[in-house]
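Right, one structure below, let's go through it.
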Amino acid sequence: MIWKFAERFSSQIVTFVVSMILANLLDPSDYGTVTLVMIFITFANVFVSDGLGSALIRKSNADALDYSSVLYFNVGLSVVLYAVLYVAAPWITLFFGEGYEELTPAIRVLGIRLIFSAINSVQQAYVSQQMIFRKFFVSTLAGVFVSAVVGIWLAYCGYGVWALVAQYLINTIIGTLVLAVVLGKRPLLRFSFSRLKQLLGFGFGVLGVNLLITSYREFRSFLIGKFYTPNDLAFYKKGAQFPDLLTTNINTTISAVLFPRFAQMKDDKVRIKKTAKRAVRLSFYLVAPLLFGLAAVAESFVTVFLTEKWLGCVPYIWIFCVNDIFYPIHSTNMQLLKVCGDTKTLVRLEFIKKAIELVLLLIVFRWGVVWIALAMATTSTLFTYLNCIPTKKNIGYAFSEQIKDVVSPLIMCFVMFGTVFFMGKLPLTRGLLLVLQVLVGVAVYVGLSLLTRNSEFFELLDMAKSFFKKRAKR
């Protein structure tokens, strides 16, 4: 897990720095345009990146023929989807109208990303099943660094939207090519429909869930793009970006390691529950203080790193920090449903949640973009309970037990948040204030962890010591 975390952490640190630089060089309207492009790219990407990749990981005896069959299927599908986007691009631009004139060429160029994503999804499935995350670390950093340099250079030269398009596209291309070299695996020149058919049953269930989740998530941006300005969409997405960056950085790491391990012990419910409890406790201990801390310093953070032209995203940062707080519980429960092969329950559960969310969204979306975000945060918090119902049935890990596992860090976070937030009233410059708030926040959380002898704190400390000892011996 150390290498997976190192890969995610280092790549997200670079991404964070790059996003800060680009935000200073570009206008919010540029982000609004590319956000709309990514709605369609992300939706199409679900078909080629989700479902079959999870099925490959879950299949304990997956061989080269399985991987090559999925690879050729994914690439073929990605070409078809790219062709559809290429043809539809002018109509998409016409639909959104004024303010989005560059949509057509941006969709046609960034759509190329689909083909490389199709290849990369199979590569990632192999890396996850073999637990060789160290190799993934190299490819990810290569993609992030090269795309960062190109994106910043184009933004500096005044290319606006194209700086972001180039960054996203080059990141995927370089990451895929480098991972292919690092893995040193060539696909078989064979395709087996029977092997593919075996994987499609589980894959379609996961695909259905991911399509539902992605469709609803992107539909919100779709509505904002249609009925509000590019700036409104940019503030909404930028406000979501930083809480999501913190949340996914840790949870994607843990999930990528958990799912293969769950798959290996899928018949041992006692071991699965023990591992799930550890995942919930550890991920919440890491995620919660970051979100509480970000909410407490949001105004100082935006002023210092994004400049005052982005202050419109501060309310959204607050809302999305609340929205993401229980994501560690949600993520673990979804992984448990997948590994148990309970895709029918998974799909049914997501349909119920998305139906409720959609009704609420259609009620509030005309009241303003802030109301859209508030509705999302409200339902996300309430649905934490629903996500736990199948887990209780499958392995006996109930909602009450999961909440009990995170109460201690939650209380520590409230204490830390109150301390840091009220520090924001001090009459200091924003830069100095931000530094002091961060230092005090870390000191309070670590101090409370030591005072309460929090087991996750000492577990992470032991993991870090072990990692650095191994590095020192090499």
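Each chain of the structure tokens is named A, B, ... in the order shown, its residues numbered from 1; ligands are numbered from 1 in display order.
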query: If we count only C-alpha atoms, what is near Val406 of chain A at a cut-off of 9 Å, once residues fewer than 2 positions away on the same chain are taken out, given as JSON, numbers by chain?
result: {"A": [280, 281, 284, 285, 402, 403, 404, 408, 409, 410, 411]}
query: Can you list every residue in segment 22-214 of chain A that DSSP puts in alpha helix (DSSP H), as a ChimeraX atom specification?
result: /A:22-25,28-49,52-58,64-96,103-110,113-130,133-156,161-183,193-214
